[in-house]
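Undergrad: Sharing target-v9.txt, compact mmCIF, C-alpha atoms and all ligand atoms:
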```txt
# COMPACT_ATOMS: atom_id res chain seq x y z
CA MET I 588 0.00 0.00 0.00
CA THR I 589 2.74 2.42 1.01
CA GLU I 590 4.57 1.70 -2.19
CA VAL I 591 1.44 2.40 -4.22
CA PHE I 592 0.92 5.62 -2.32
CA ASN I 593 4.46 6.80 -3.02
CA LYS I 594 4.24 5.97 -6.68
CA MET I 595 0.88 7.66 -7.05
CA ASN I 596 2.32 10.69 -5.39
CA ALA I 597 5.32 10.41 -7.68
CA LEU I 598 2.79 10.77 -10.53
CA ARG I 599 1.53 13.91 -8.76
CA TRP I 600 -2.09 12.85 -9.07
CA LYS I 601 -4.23 14.37 -6.39
CA ARG I 602 -7.41 14.48 -8.40
CA ILE I 603 -8.33 12.41 -11.43
CA VAL I 604 -11.27 12.03 -13.78
CA ILE I 605 -11.94 8.51 -15.09
CA LYS I 606 -14.16 8.09 -18.13
CA VAL I 607 -15.80 4.72 -18.69
CA GLY I 608 -17.57 4.06 -21.99
CA SER I 609 -20.72 2.13 -22.84
CA ALA I 610 -18.73 -0.81 -24.28
CA LEU I 611 -17.39 -1.47 -20.78
CA ILE I 612 -20.64 -0.87 -18.90
CA ALA I 613 -22.93 -2.86 -21.16
CA PRO I 614 -20.62 -5.05 -23.28
CA GLU I 615 -23.51 -7.07 -24.72
CA GLY I 616 -25.48 -3.88 -25.41
CA LYS I 617 -28.33 -5.10 -23.22
CA GLY I 618 -28.11 -4.14 -19.59
CA CYS I 619 -25.21 -3.41 -17.23
CA SER I 620 -22.60 -6.05 -16.60
CA THR I 621 -19.94 -6.28 -13.91
CA ARG I 622 -17.55 -8.01 -16.33
CA TYR I 623 -15.22 -5.03 -16.71
CA LEU I 624 -16.55 -2.81 -13.96
CA LEU I 625 -15.13 -4.91 -11.12
CA ALA I 626 -11.53 -4.09 -12.05
CA ILE I 627 -12.41 -0.43 -12.63
CA ALA I 628 -14.17 -0.23 -9.26
CA ARG I 629 -11.14 -1.81 -7.60
CA PHE I 630 -8.90 0.79 -9.22
CA ILE I 631 -11.18 3.63 -8.08
CA SER I 632 -11.16 2.18 -4.55
CA GLU I 633 -7.36 1.93 -4.50
CA CYS I 634 -7.05 5.53 -5.68
CA LYS I 635 -9.47 6.76 -3.04
CA LEU I 636 -7.78 4.74 -0.31
CA GLN I 637 -4.53 6.44 -1.24
CA GLY I 638 -6.11 9.86 -0.95
CA VAL I 639 -6.52 10.52 -4.67
CA GLU I 640 -9.84 12.27 -5.39
CA VAL I 641 -11.80 10.64 -8.19
CA VAL I 642 -14.59 11.85 -10.45
CA LEU I 643 -16.15 9.17 -12.64
CA VAL I 644 -17.71 10.04 -15.99
CA SER I 645 -19.81 7.03 -16.83
CA SER I 646 -21.62 6.36 -20.10
CA GLY I 647 -24.00 3.52 -20.64
CA SER I 648 -27.43 4.81 -19.76
CA VAL I 649 -28.80 4.16 -23.24
CA ALA I 650 -27.01 0.81 -23.59
CA ALA I 651 -28.11 -0.25 -20.10
CA GLY I 652 -31.75 0.69 -20.76
CA ARG I 653 -31.91 -0.83 -24.22
CA ALA I 654 -33.20 -4.24 -23.12
CA ALA I 655 -36.16 -2.71 -21.31
CA ILE I 656 -37.68 -1.17 -24.45
CA PRO I 657 -37.86 -3.53 -27.41
CA PHE I 658 -37.20 -1.50 -30.52
CA SER I 659 -35.68 -2.96 -33.62
CA HIS I 660 -35.49 0.03 -35.99
CA GLN I 661 -32.22 1.84 -36.38
CA PRO I 662 -31.36 4.59 -35.80
CA LEU I 663 -33.29 4.87 -32.56
CA PRO I 664 -35.65 7.87 -32.47
CA ILE I 665 -34.58 10.46 -29.90
CA ASN I 666 -37.62 9.89 -27.63
CA VAL I 667 -36.89 6.15 -27.49
CA LYS I 668 -33.22 6.82 -26.70
CA GLN I 669 -34.23 9.25 -23.98
CA ALA I 670 -36.62 6.72 -22.46
CA MET I 671 -33.89 4.06 -22.54
CA ALA I 672 -31.49 6.50 -20.90
CA ALA I 673 -34.01 7.19 -18.13
CA ILE I 674 -34.20 3.47 -17.35
CA GLY I 675 -30.53 2.71 -17.85
CA GLN I 676 -29.17 5.65 -15.86
CA SER I 677 -30.55 4.33 -12.57
CA GLN I 678 -29.33 0.80 -13.35
CA MET I 679 -25.89 2.15 -14.09
CA MET I 680 -25.85 4.15 -10.83
CA MET I 681 -27.02 1.08 -8.94
CA ILE I 682 -24.17 -1.05 -10.24
CA TRP I 683 -21.51 1.56 -9.32
CA SER I 684 -23.08 1.97 -5.86
CA LYS I 685 -22.97 -1.80 -5.35
CA LEU I 686 -19.36 -2.10 -6.43
CA LEU I 687 -18.02 0.81 -4.40
CA ASP I 688 -17.96 1.46 -0.67
CA TRP I 689 -18.28 5.22 -1.09
CA PRO I 690 -21.46 7.18 -1.62
CA CYS I 691 -21.98 7.54 -5.37
CA ALA I 692 -23.43 10.92 -6.35
CA GLN I 693 -25.32 11.26 -9.63
CA ILE I 694 -24.53 14.40 -11.62
CA LEU I 695 -26.37 14.85 -14.93
CA LEU I 696 -25.22 17.71 -17.12
CA THR I 697 -25.99 19.33 -20.44
CA HIS I 698 -23.70 21.55 -22.47
CA ASP I 699 -25.81 24.54 -21.44
CA ASP I 700 -25.09 23.85 -17.79
CA LEU I 701 -21.39 24.16 -18.47
CA ARG I 702 -21.80 27.30 -20.59
CA ASP I 703 -23.94 29.18 -18.07
CA ARG I 704 -21.63 30.90 -15.59
CA ARG I 705 -23.94 30.55 -12.58
CA ARG I 706 -24.74 26.92 -13.23
CA TYR I 707 -21.03 26.25 -13.90
CA LEU I 708 -20.26 27.71 -10.50
CA ASN I 709 -22.92 25.55 -8.86
CA ILE I 710 -21.57 22.42 -10.57
CA ASP I 711 -18.07 23.37 -9.50
CA ASN I 712 -19.20 23.91 -5.88
CA THR I 713 -21.19 20.67 -5.75
CA LEU I 714 -18.34 18.60 -7.17
CA ARG I 715 -15.87 20.19 -4.76
CA THR I 716 -18.19 19.54 -1.81
CA LEU I 717 -18.72 15.92 -2.83
CA LEU I 718 -14.98 15.36 -3.19
CA SER I 719 -14.20 16.97 0.14
CA HIS I 720 -16.65 14.56 1.78
CA GLY I 721 -15.16 11.49 0.12
CA ALA I 722 -18.09 10.83 -2.20
CA LEU I 723 -17.67 9.64 -5.77
CA PRO I 724 -19.35 11.96 -8.27
CA VAL I 725 -20.66 9.92 -11.21
CA VAL I 726 -21.24 12.26 -14.15
CA ASN I 727 -23.17 11.61 -17.34
CA GLU I 728 -24.84 13.75 -19.94
CA ASN I 729 -28.48 14.43 -19.03
CA ASP I 730 -29.67 12.32 -21.94
CA THR I 731 -33.35 12.45 -21.07
CA VAL I 732 -33.56 16.22 -21.52
CA ALA I 733 -30.70 17.00 -23.88
CA THR I 734 -31.37 17.14 -27.59
CA ALA I 735 -28.63 17.62 -30.15
CA GLU I 736 -28.32 21.40 -29.66
CA LEU I 737 -27.90 21.04 -25.91
CA LYS I 738 -25.55 18.12 -25.97
CA VAL I 739 -21.82 17.92 -25.54
CA GLY I 740 -22.49 14.85 -27.67
CA ASP I 741 -20.04 12.34 -26.36
CA ASN I 742 -18.72 11.51 -22.94
CA ASP I 743 -15.06 11.78 -23.97
CA ASN I 744 -15.43 15.54 -24.50
CA LEU I 745 -17.74 15.78 -21.47
CA ALA I 746 -15.03 14.11 -19.34
CA ALA I 747 -12.44 16.64 -20.56
CA MET I 748 -14.79 19.49 -19.61
CA VAL I 749 -15.41 17.97 -16.19
CA ALA I 750 -11.64 17.53 -15.71
CA THR I 751 -11.27 21.25 -16.44
CA VAL I 752 -14.06 22.22 -14.02
CA VAL I 753 -12.46 20.28 -11.16
CA ASP I 754 -8.87 21.20 -12.12
CA ALA I 755 -7.91 17.52 -12.32
CA ASP I 756 -4.29 16.41 -12.61
CA ALA I 757 -5.13 13.55 -14.95
CA LEU I 758 -7.89 12.33 -17.23
CA ILE I 759 -8.01 8.56 -17.76
CA ILE I 760 -10.18 7.43 -20.66
CA CYS I 761 -11.03 3.74 -20.39
CA SER I 762 -11.57 2.29 -23.82
CA ASP I 763 -11.85 -1.16 -25.41
CA ILE I 764 -8.53 -0.72 -27.23
CA ASP I 765 -4.99 -0.45 -25.81
CA GLY I 766 -4.54 3.19 -26.83
CA LEU I 767 -3.66 5.08 -29.99
CA TYR I 768 -2.31 3.24 -33.03
CA SER I 769 -0.75 4.75 -36.15
CA ALA I 770 -3.66 3.20 -38.11
CA ASN I 771 -6.69 1.05 -37.35
CA PRO I 772 -5.16 -2.14 -35.87
CA LYS I 773 -8.29 -4.12 -36.74
CA THR I 774 -7.81 -3.56 -40.44
CA ASN I 775 -4.13 -2.71 -40.82
CA PRO I 776 -1.52 -5.26 -39.65
CA ASP I 777 1.21 -2.60 -39.88
CA ALA I 778 -0.49 -0.38 -37.30
CA ARG I 779 2.03 0.71 -34.64
CA PHE I 780 1.10 1.35 -31.02
CA ILE I 781 1.85 4.92 -29.90
CA ALA I 782 2.87 5.02 -26.23
CA ARG I 783 3.35 8.77 -25.90
CA VAL I 784 2.06 11.86 -27.66
CA ASP I 785 3.71 15.20 -26.90
CA ALA I 786 1.41 17.33 -29.04
CA ILE I 787 -1.89 16.51 -30.73
CA THR I 788 -1.25 17.55 -34.31
CA PRO I 789 -3.33 16.99 -37.49
CA GLU I 790 -1.07 13.95 -38.14
CA ILE I 791 -2.22 12.46 -34.83
CA TYR I 792 -5.88 13.02 -35.77
CA ALA I 793 -5.17 11.38 -39.13
CA MET I 794 -3.98 8.24 -37.29
CA ALA I 795 -7.44 8.01 -35.75
CA GLY I 796 -8.96 8.28 -39.20
CA GLY I 797 -10.49 11.70 -38.76
CA SER I 798 -9.97 15.37 -38.08
CA HIS I 799 -10.71 17.32 -34.94
CA HIS I 800 -13.87 18.56 -36.71
CA SER I 801 -15.24 15.03 -37.04
CA VAL I 802 -18.36 14.33 -35.04
CA GLY I 803 -19.82 11.17 -33.61
CA THR I 804 -20.17 9.40 -30.31
CA GLY I 805 -17.13 7.58 -29.09
CA GLY I 806 -14.36 6.35 -31.33
CA MET I 807 -10.76 7.50 -31.26
CA VAL I 808 -11.45 10.97 -32.71
CA THR I 809 -13.55 12.13 -29.77
CA LYS I 810 -10.92 10.69 -27.43
CA LEU I 811 -8.27 12.76 -29.18
CA GLN I 812 -10.49 15.85 -29.00
CA ALA I 813 -10.87 15.21 -25.27
CA ALA I 814 -7.13 14.70 -24.85
CA ALA I 815 -6.49 17.95 -26.76
CA LYS I 816 -8.90 19.89 -24.53
CA ALA I 817 -7.53 18.44 -21.31
CA THR I 818 -3.81 18.63 -22.11
CA ALA I 819 -4.25 22.27 -23.19
CA GLN I 820 -5.37 22.91 -19.59
CA GLY I 821 -2.31 21.13 -18.18
CA ILE I 822 -4.19 17.89 -17.51
CA GLU I 823 -2.27 14.80 -18.60
CA THR I 824 -4.47 12.33 -20.40
CA LEU I 825 -4.29 8.58 -20.80
CA ILE I 826 -6.24 6.33 -23.12
CA ILE I 827 -6.09 2.83 -21.65
CA ASN I 828 -7.69 -0.52 -22.28
CA GLY I 829 -10.37 -0.69 -19.60
CA GLN I 830 -11.13 -4.31 -20.49
CA LYS I 831 -7.75 -5.40 -19.11
CA ALA I 832 -7.26 -5.41 -15.35
CA SER I 833 -3.52 -5.25 -16.10
CA SER I 834 -3.93 -1.61 -17.28
CA PHE I 835 -5.08 -0.61 -13.79
CA ASP I 836 -2.43 -2.73 -12.05
CA ALA I 837 0.22 -0.94 -14.09
CA LEU I 838 -1.14 2.49 -13.17
CA LEU I 839 -1.23 1.57 -9.49
CA LYS I 840 2.42 0.52 -9.71
CA GLY I 841 3.29 3.83 -11.34
CA GLU I 842 4.04 2.07 -14.62
CA ALA I 843 3.03 3.10 -18.12
CA ALA I 844 -0.34 2.01 -19.45
CA GLY I 845 -2.04 2.90 -22.70
CA THR I 846 -1.16 6.07 -24.58
CA LEU I 847 0.01 9.06 -22.58
CA PHE I 848 -0.85 12.53 -23.89
CA CYS I 849 1.47 14.97 -22.17
CA ALA I 850 0.10 18.06 -20.48
CA GLN I 851 0.99 21.24 -22.35
CA PRO I 852 3.49 23.33 -20.42
CA GLY I 853 2.96 26.92 -19.35
CA HIS I 854 -0.78 26.60 -19.27
CA LEU I 855 -3.19 28.54 -17.16
CA SER I 856 -6.29 26.60 -16.24
CA ALA I 857 -9.35 27.51 -18.32
CA LYS I 858 -10.97 29.19 -15.36
CA LYS I 859 -7.89 31.26 -14.50
CA HIS I 860 -7.38 32.15 -18.14
CA TRP I 861 -10.97 33.36 -18.33
CA LEU I 862 -10.55 35.27 -15.09
CA LEU I 863 -7.38 36.97 -16.18
CA HIS I 864 -8.19 37.71 -19.79
CA SER I 865 -11.94 37.58 -20.41
CA SER I 866 -13.79 38.41 -17.23
CA LYS I 867 -14.89 41.97 -16.70
CA ALA I 868 -14.39 43.13 -13.15
CA SER I 869 -15.20 46.65 -12.01
CA ALA I 870 -16.20 46.15 -8.38
CA GLU I 871 -13.57 46.02 -5.67
CA VAL I 872 -13.49 44.32 -2.32
CA THR I 873 -11.01 45.56 0.28
CA LEU I 874 -9.15 43.03 2.42
CA ASP I 875 -7.75 43.39 5.95
CA ALA I 876 -4.05 42.69 6.60
CA GLY I 877 -4.70 39.09 7.73
CA ALA I 878 -6.60 38.26 4.57
CA VAL I 879 -3.88 39.82 2.40
CA GLU I 880 -1.23 37.72 4.15
CA ALA I 881 -3.33 34.53 3.81
CA LEU I 882 -4.03 35.27 0.14
CA LEU I 883 -0.48 36.11 -0.90
CA HIS I 884 1.55 33.72 1.25
CA LYS I 885 -0.65 30.87 2.46
CA GLY I 886 -2.56 29.87 -0.67
CA ALA I 887 -5.83 30.54 1.18
CA SER I 888 -9.32 31.38 0.01
CA LEU I 889 -10.88 34.73 0.92
CA LEU I 890 -13.29 34.53 3.85
CA ALA I 891 -16.01 37.10 4.50
CA LYS I 892 -14.22 37.79 7.79
CA GLY I 893 -11.25 39.30 5.92
CA VAL I 894 -13.39 41.76 3.91
CA THR I 895 -13.52 45.34 5.21
CA ALA I 896 -15.32 47.12 2.37
CA VAL I 897 -17.29 46.42 -0.81
CA GLN I 898 -17.24 48.97 -3.63
CA GLY I 899 -19.49 48.61 -6.69
CA ASP I 900 -22.24 46.22 -7.61
CA PHE I 901 -21.89 42.59 -8.63
CA ASP I 902 -23.85 39.38 -8.66
CA LYS I 903 -22.96 35.94 -7.34
CA GLY I 904 -20.54 34.40 -9.86
CA ASP I 905 -19.17 37.73 -11.14
CA ALA I 906 -15.46 38.48 -11.17
CA ILE I 907 -14.26 41.12 -8.68
CA TRP I 908 -10.96 42.71 -7.72
CA LEU I 909 -9.49 41.90 -4.33
CA VAL I 910 -7.58 44.99 -3.16
CA SER I 911 -5.37 45.89 -0.20
CA SER I 912 -6.25 48.70 2.21
CA THR I 913 -4.10 51.01 0.08
CA GLY I 914 -6.06 50.10 -3.07
CA THR I 915 -3.49 47.80 -4.71
CA ARG I 916 -5.17 45.17 -6.87
CA LEU I 917 -3.85 41.88 -5.51
CA ALA I 918 -6.08 39.34 -7.20
CA LYS I 919 -9.10 38.82 -9.38
CA GLY I 920 -11.63 36.19 -8.34
CA VAL I 921 -15.15 34.84 -8.73
CA CYS I 922 -17.32 35.88 -5.81
CA GLN I 923 -19.66 33.36 -4.21
CA TYR I 924 -21.90 36.19 -2.98
CA SER I 925 -23.52 39.27 -4.51
CA ALA I 926 -22.40 42.76 -3.43
CA PRO I 927 -25.44 43.31 -1.13
CA GLU I 928 -24.87 39.88 0.46
CA LEU I 929 -21.15 40.44 0.94
CA ASN I 930 -21.87 43.83 2.47
CA LYS I 931 -24.02 42.14 5.08
CA ILE I 932 -21.52 39.42 5.95
CA LYS I 933 -18.23 41.33 5.65
CA GLY I 934 -16.10 41.02 8.79
CA ILE I 935 -18.06 38.13 10.23
CA HIS I 936 -17.03 34.53 10.83
CA SER I 937 -18.19 31.96 8.25
CA SER I 938 -20.17 30.11 10.92
CA GLN I 939 -22.37 33.22 11.35
CA ILE I 940 -23.25 33.67 7.68
CA GLU I 941 -26.39 31.57 7.91
CA ALA I 942 -27.65 33.53 10.92
CA VAL I 943 -27.15 36.83 9.05
CA LEU I 944 -28.33 35.90 5.54
CA GLY I 945 -30.67 33.03 6.37
CA TYR I 946 -28.62 30.71 4.12
CA CYS I 947 -24.98 29.85 3.55
CA PRO I 948 -24.22 28.64 0.03
CA SER I 949 -20.47 28.87 0.59
CA GLU I 950 -18.07 28.98 3.54
CA VAL I 951 -15.75 31.24 1.56
CA ALA I 952 -16.33 34.52 -0.27
CA VAL I 953 -13.84 33.69 -3.05
CA HIS I 954 -12.49 30.17 -3.33
CA ARG I 955 -8.78 29.73 -3.94
CA ASP I 956 -9.46 27.73 -7.12
CA ASP I 957 -11.50 30.67 -8.42
CA LEU I 958 -8.90 33.40 -8.08
CA VAL I 959 -5.76 34.45 -9.84
CA LEU I 960 -3.07 36.57 -8.20
CA MET I 961 -1.72 39.60 -10.03
CA GLU I 962 2.05 39.46 -10.53
N1 LIG V 1001 -24.45 9.69 -22.48
C1 LIG V 1001 -24.51 8.49 -23.26
C2 LIG V 1001 -25.03 7.32 -22.44
O1 LIG V 1001 -24.92 7.33 -21.22
C3 LIG V 1001 -23.17 8.06 -23.79
C4 LIG V 1001 -22.44 9.03 -24.61
C5 LIG V 1001 -21.01 8.50 -24.88
O2 LIG V 1001 -20.68 7.40 -24.47
O3 LIG V 1001 -20.21 9.18 -25.49
O4 LIG V 1001 -25.52 6.37 -22.99
```
Any chance you could give the structure as structure tokens?
Ligand code: GLU

TA:
Amino acid sequence: MTEVFNKMNALRWKRIVIKVGSALIAPEGKGCSTRYLLAIARFISECKLQGVEVVLVSSGSVAAGRAAIPFSHQPLPINVKQAMAAIGQSQMMMIWSKLLDWPCAQILLTHDDLRDRRRYLNIDNTLRTLLSHGALPVVNENDTVATAELKVGDNDNLAAMVATVVDADALIICSDIDGLYSANPKTNPDARFIARVDAITPEIYAMAGGSHHSVGTGGMVTKLQAAAKATAQGIETLIINGQKASSFDALLKGEAAGTLFCAQPGHLSAKKHWLLHSSKASAEVTLDAGAVEALLHKGASLLAKGVTAVQGDFDKGDAIWLVSSTGTRLAKGVCQYSAPELNKIKGIHSSQIEAVLGYCPSEVAVHRDDLVLME
């Protein structure tokens, strides 16, 4: 155990997102099966026991619900797919809950949820709260409400977006193939296995038989799109064979498994990039000396207690400037409270927020993950 712990730490993984596809959940295409999920659940358990936070992105709702609604015509009409997803989603959750000793938390998302700043913040907060309480968030697209315009479309890209939301260190995509090959190994005997990809170029997309514009659920192209999204945010990505327990054993020993897509250097996480370059902040919040010290030197979040003044108007989820008592702009961050709310709770201890406001959506005014320090 200790050895595993050291090696995992050597990989610097504190938080990972694991994506499991329908082919692993419902290999026969009719109902969930534990055939491959046992080894995956064991891997998740090992990670969690070693203190690695895990978010699972699990497909399979449609495949798991397929048997319950006999329908022979292809392609399946959207309403039939949505009905299958409604049945299969709960079966899929049930199987993960049975296989794991941690509370499994269902999170169903649409693309719109991730685009809307307020909902994004709520998702972010919920995921963070679940992780801090040791639960396992199990994310899927909200297939029963999402139509094509609302959809991310495939869970590979969804997993990359989730990895960005939670600032994961690694994204592990469990597939039914060992990783990336130079050509389709099923049809081309000369196909070479690619163990490591430093940059995802058009040549790499060509190996998967597509371009990054290609659409479709699953397949290697969407996995490469996901890897491109994640690695651009500094999240290393692995495509592994989730049908082989040996892939997980290797990872636990700190050994190579599947294809590694290296994280791009010098990145700023998507959220921090947005904060620094795209967010408009006009309001300012003044910090006391203790809060300035905690912010600059202790990597802390900003508590309401450390706020002495609020200038300007803003809503929950807006970006604001955090300034010193002399007016120096120290950081820019996303505020968990609106200006009128922050005015009411400034200077008070977090435990008193509920008594003052009547609710307490967040213990902190600006979370550390949601702020960027000015140089
Ligand atoms: N959300 C779909 C499902 O649960 C799967 C999409 C995908 O695997 O890419 O059936």

Undergrad: Do you know which residues are at most 9 Å from I:Ile787 counting all atoms listed in the file, after dropping those on the same chain fewer than 2 positions away, and could you put them as a PDB file with C-alpha atoms, in the coordinates of the input?

TA:
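Wrote part.pdb, looks like this:
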```pdb
ATOM      1  CA  VAL I 784       2.060  11.860 -27.660  1.00  0.00           C
ATOM      2  CA  ASP I 785       3.710  15.200 -26.900  1.00  0.00           C
ATOM      3  CA  PRO I 789      -3.330  16.990 -37.490  1.00  0.00           C
ATOM      4  CA  GLU I 790      -1.070  13.950 -38.140  1.00  0.00           C
ATOM      5  CA  ILE I 791      -2.220  12.460 -34.830  1.00  0.00           C
ATOM      6  CA  TYR I 792      -5.880  13.020 -35.770  1.00  0.00           C
ATOM      7  CA  LEU I 811      -8.270  12.760 -29.180  1.00  0.00           C
ATOM      8  CA  GLN I 812     -10.490  15.850 -29.000  1.00  0.00           C
ATOM      9  CA  ALA I 814      -7.130  14.700 -24.850  1.00  0.00           C
ATOM     10  CA  ALA I 815      -6.490  17.950 -26.760  1.00  0.00           C
ATOM     11  CA  PHE I 848      -0.850  12.530 -23.890  1.00  0.00           C
TER      12      PHE I 848
END
```

Undergrad: Find the distance between atom CA of I:Gly638 and atom CA of I:Pro724 and write it in Å to one decimal.

TA: 15.3 Å

Undergrad: With 7 Å as the cut-off and only C-alpha atoms and all ligand atoms counted, what is the closest atom pair between each nearby residue of chain I and ligand LIG 1001 (chain V)? Distances in Å to one decimal, ordered by chain and number, as a tab-separated table.

TA:
```
residue	atom	partner	partner_atom	distance
I:Gly608	CA	V:LIG1001	O2	5.2
I:Ser609	CA	V:LIG1001	O2	5.5
I:Ser645	CA	V:LIG1001	O1	6.7
I:Ser646	CA	V:LIG1001	O1	3.6
I:Gly647	CA	V:LIG1001	O1	4.0
I:Ser648	CA	V:LIG1001	O1	3.8
I:Val649	CA	V:LIG1001	O4	4.0
I:Ala650	CA	V:LIG1001	O4	5.8
I:Ala672	CA	V:LIG1001	O4	6.3
I:Asn727	CA	V:LIG1001	N1	5.6
I:Glu728	CA	V:LIG1001	N1	4.8
I:Asp730	CA	V:LIG1001	N1	5.9
I:Gly740	CA	V:LIG1001	O3	6.5
I:Asp741	CA	V:LIG1001	O3	3.3
I:Asn742	CA	V:LIG1001	O3	3.8
I:Asp743	CA	V:LIG1001	O3	6.0
I:Thr804	CA	V:LIG1001	O3	4.8
I:Gly805	CA	V:LIG1001	O3	5.0
```

Undergrad: Might you pull out every residue within 9 Å of stretch 733-737 of chain I, with only C-alpha atoms counted and same-chain residues fewer than 5 positions away left off, and present them as an MDAnalysis selection string?

TA: chainID I and resid 665 669 696:699 728

Undergrad: Based on the selection just made, write C-alpha atoms of those residues as a PDB file, in the coordinates of the input.

TA:
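Result written to selection-v1.pdb:
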```pdb
ATOM      1  CA  ILE I 665     -34.580  10.460 -29.900  1.00  0.00           C
ATOM      2  CA  GLN I 669     -34.230   9.250 -23.980  1.00  0.00           C
ATOM      3  CA  LEU I 696     -25.220  17.710 -17.120  1.00  0.00           C
ATOM      4  CA  THR I 697     -25.990  19.330 -20.440  1.00  0.00           C
ATOM      5  CA  HIS I 698     -23.700  21.550 -22.470  1.00  0.00           C
ATOM      6  CA  ASP I 699     -25.810  24.540 -21.440  1.00  0.00           C
ATOM      7  CA  GLU I 728     -24.840  13.750 -19.940  1.00  0.00           C
TER       8      GLU I 728
END
```

Undergrad: Using all atoms listed in the file, which residues sit within 12 Å of I:Arg715 once same-chain residues fewer than 2 positions away are excluded, as a PyMOL selection string?

TA: chain I and resi 602+640-642+708-713+717-724+749+752-755+949+954-957

Undergrad: Just checking: using all atoms listed in the file, which residue out of I:Thr818, I:Thr873, I:Gln678, I:Ser911 ends up closest to I:Thr751?

TA: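 Among I:Thr818, I:Thr873, I:Gln678, I:Ser911, it is I:Thr818 that comes nearest to I:Thr751.
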
Undergrad: Could you add the missing atoms to stretch 914-925 of chain I, up to N, CA, C and O atoms, and return them as a CSV table (one decimal), in the frame of the given file?

TA:
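What landed in out_21.csv:
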```csv
chain,number,residue,atom,x,y,z
I,914,GLY,N,-5.5,50.1,-1.7
I,914,GLY,CA,-6.1,50.1,-3.1
I,914,GLY,C,-5.3,49.3,-4.1
I,914,GLY,O,-5.6,49.4,-5.3
I,915,THR,N,-4.2,48.6,-3.7
I,915,THR,CA,-3.5,47.8,-4.7
I,915,THR,C,-4.3,46.6,-5.1
I,915,THR,O,-4.8,45.8,-4.2
I,916,ARG,N,-4.4,46.3,-6.4
I,916,ARG,CA,-5.2,45.2,-6.9
I,916,ARG,C,-4.3,43.9,-6.7
I,916,ARG,O,-3.3,43.8,-7.4
I,917,LEU,N,-4.7,43.0,-5.8
I,917,LEU,CA,-3.8,41.9,-5.5
I,917,LEU,C,-4.3,40.7,-6.3
I,917,LEU,O,-3.5,39.8,-6.7
I,918,ALA,N,-5.6,40.5,-6.5
I,918,ALA,CA,-6.1,39.3,-7.2
I,918,ALA,C,-7.4,39.6,-7.8
I,918,ALA,O,-8.1,40.6,-7.5
I,919,LYS,N,-7.8,38.7,-8.8
I,919,LYS,CA,-9.1,38.8,-9.4
I,919,LYS,C,-9.8,37.5,-9.1
I,919,LYS,O,-9.1,36.4,-9.3
I,920,GLY,N,-11.0,37.5,-8.7
I,920,GLY,CA,-11.6,36.2,-8.3
I,920,GLY,C,-13.1,36.2,-8.6
I,920,GLY,O,-13.8,37.3,-8.7
I,921,VAL,N,-13.7,35.0,-8.6
I,921,VAL,CA,-15.2,34.8,-8.7
I,921,VAL,C,-15.8,34.8,-7.3
I,921,VAL,O,-15.4,34.0,-6.5
I,922,CYS,N,-16.7,35.8,-7.1
I,922,CYS,CA,-17.3,35.9,-5.8
I,922,CYS,C,-18.5,34.9,-5.6
I,922,CYS,O,-19.3,34.8,-6.5
I,923,GLN,N,-18.6,34.3,-4.5
I,923,GLN,CA,-19.7,33.4,-4.2
I,923,GLN,C,-20.9,34.1,-3.7
I,923,GLN,O,-22.0,33.5,-3.5
I,924,TYR,N,-20.8,35.4,-3.5
I,924,TYR,CA,-21.9,36.2,-3.0
I,924,TYR,C,-22.1,37.4,-3.8
I,924,TYR,O,-21.1,37.9,-4.5
I,925,SER,N,-23.3,38.0,-3.8
I,925,SER,CA,-23.5,39.3,-4.5
I,925,SER,C,-23.0,40.4,-3.6
I,925,SER,O,-22.7,40.2,-2.4
```
